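See structure below.
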Amino acid sequence: MKWKSKRFAATAALALTASLALVGCGSGSSSSPSAGGSSGGGGGDLTVTLIPKNLGNPYFDTSEAGVKKAMSAIGGSYTQVGPQEATPDGQVPFINTATQQGTKAIIISSDDPSAPCDALKQAMSAGIKVVTFDSDTNPDCRDVFVNQATAEGIAKVQVDMIAQDIGDSGEIAILSAAANATNQNAWIATMKKELAASHPNIKLDAVVYGNDDDQTSFDKTSALLQQYPNLKGIVSPTTVGIAAAARYLSKSDAKGKVALTGLGTPNQMRPYVKDGTVKQFALWNPEDLGYLAAYTASALVDGTITGAEGDSFDAGTLGTYKVGADNTVLLGKPFVFNKSNIDQFNF
Ligand code: RAM
């Protein structure tokens, strides 16, 4: 698979270095726009405000490490701020504060396709460049979306994994993130199509939402098992959801009987792959995603690109990228982790 490339291995190693550096400098978090979030970079004119879906998610900690690395290389600084909970309009006050403060660019993984739009449009009319990454808004609310992989690719890898895990037959459920999340909803819609087209013997019983909250996701896993006694598998397309579901399954009678797969980080999933709760799961490198988003923001701010299809720009160690259709920059392909390769990764 392409993702076994040197680039992935090298950046996985760098992710470790970067996250250690981050811990070392005392990365903080904030729940109110006035409180100080974590920050870093190399100084210089470029100022970026990074807004994840919510704080405290290791996935976004890793993407922050990528932003930090890029800003150090480019010569700029960033501040990360965001809500504690991934609610549709929880990011709005943070966007408004960043606009008032005159940040040069906002990099955001959106909790909702439209709730932050008015605030983002105000930012853009004040001359601020807006880059969505990971989870998009409606296209008119941002300059560029930095997409981790195509929705088709992300959906197919998850359907393929669950089909393998349960012998292509039986009942499954999806444990998602927040009900309004643009990214998960796009993947789930495509997964449903893929299931209908290629897996007639798999029945999707339910889609439930853990809100990218550990306890809610844990409780929803328990409820799914009670409600659907014939459940053979769970797909969780969120790093928070899959880790919470794995923790639940690993201590329950369903361990080894109900398959679990989806999107997770290797560090969170390692114990559950080793104890046999999970055979395989997928993801891209969140550090690369943050790094690419920061280079995209920089290219917009310095005028190298306007975000139009065909624009190309340099993204440091990742190489040259081109803006594609719908003002989207594509990072790469999802990668499958299993017992045989998980120890090569540290993020
Ligand atoms: C969670 C978030 C994020 C998503 C990953 C897979 O961390 O929902 O948006 O991309 O899972």
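Chains: A, B, ... in order of the structure tokens. Residues: from 1 per chain. Ligands: from 1, in order shown.
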Inset, instruction - Find the residues near region 41-53 of chain A: any atom within 7 Å, counting only C-alpha atoms, skip ones fewer than 5 places away on the same chain, and give them as JSON, numbers by chain. - result: {"A": [60, 68, 69, 71, 72, 73, 75, 76, 77, 78, 79, 80, 81, 82, 86, 98, 103, 104, 105, 106, 107, 108, 109, 110, 111]}
Inset, instruction - List all protein, DNA and RNA residues that have at least one atom no more than 9 Å from any atom of ligand 1, counting only C-alpha atoms and all ligand atoms, and write them as a PyMOL selection string. - result: chain A and resi 52-54+57-60+86+109-111+133-135+148+176-178+181-184+211-212+236-242+262-265+282-284+286
Inset, instruction - Using only C-alpha atoms, determine which residues lie at most 8 Å from region 192-209 of chain A, disregarding the query and same-chain residues fewer than 5 positions distant; provide the list as a ChimeraX atom specification. - result: /A:155-156,159,163,168-179,217,220,228
Inset, instruction - Write out as a count of residues only all residues of region 73-316 of chain A that DSSP puts in alpha helix (DSSP H) for this structure's backbone. - result: 104
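Restricting the calculation to only C-alpha atoms, the smallest distance between Arg142 (chain A) and any of A:Thr277, A:Ser114, A:Asn185, A:Asn267 is found for A:Ser114.
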Distance query Phe313 (chain A) at most 8 Å, only C-alpha atoms, self and fewer than 5 positions along chain excluded, as a CSV table (one decimal) with N, CA and C atoms, in the first residue's frame:
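part28.csv, written as the output of this step:
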```csv
chain,number,residue,atom,x,y,z
A,296,THR,N,-0.8,25.5,3.8
A,296,THR,CA,-1.9,26.0,2.9
A,296,THR,C,-2.3,27.4,3.4
A,299,ALA,N,0.4,29.8,2.3
A,299,ALA,CA,0.4,30.1,0.9
A,299,ALA,C,-0.7,31.1,0.5
A,304,THR,N,0.7,33.3,-2.6
A,304,THR,CA,1.2,32.2,-3.5
A,304,THR,C,0.0,31.6,-4.2
A,305,ILE,N,-1.1,31.4,-3.4
A,305,ILE,CA,-2.3,30.8,-4.0
A,305,ILE,C,-3.5,31.7,-3.6
A,320,THR,N,5.2,19.2,-3.1
A,320,THR,CA,4.3,20.2,-3.7
A,320,THR,C,2.9,19.7,-3.8
A,321,TYR,N,1.9,20.6,-3.5
A,321,TYR,CA,0.5,20.2,-3.5
A,321,TYR,C,-0.2,21.1,-4.5
A,322,LYS,N,-1.3,20.6,-5.1
A,322,LYS,CA,-2.1,21.4,-6.0
A,322,LYS,C,-3.5,21.5,-5.4
```
Legend entry - Filtered DSSP result for region 142-327 of chain A, state strand (DSSP E), as a PyMOL selection string: chain A and resi 144-147+170-176+202-209+231-236+259-262+280-283+312-314+320-322
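The coordinates place CA of Lys121 (chain A) at 13.8 Å from CA of Phe94 (chain A).
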Inset, instruction - Measure the distance from CA of Val329 (chain A) to CA of Leu300 (chain A) in Å and round it to one decimal. - result: 12.5 Å
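Distance annotation: of A:Asp275, A:Asp343, A:Asp288, A:Asp213, the residue with the minimal separation from Gln84 (chain A) is A:Asp213; atom set is only C-alpha atoms.
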Inset, instruction - For Leu331 (chain A), please output as a list in words all residues within 7 Å (counting only C-alpha atoms; exclusion window: fewer than 6 positions along the same chain). - result: Asn147, Gln148, Ala149 and Leu289 of chain A
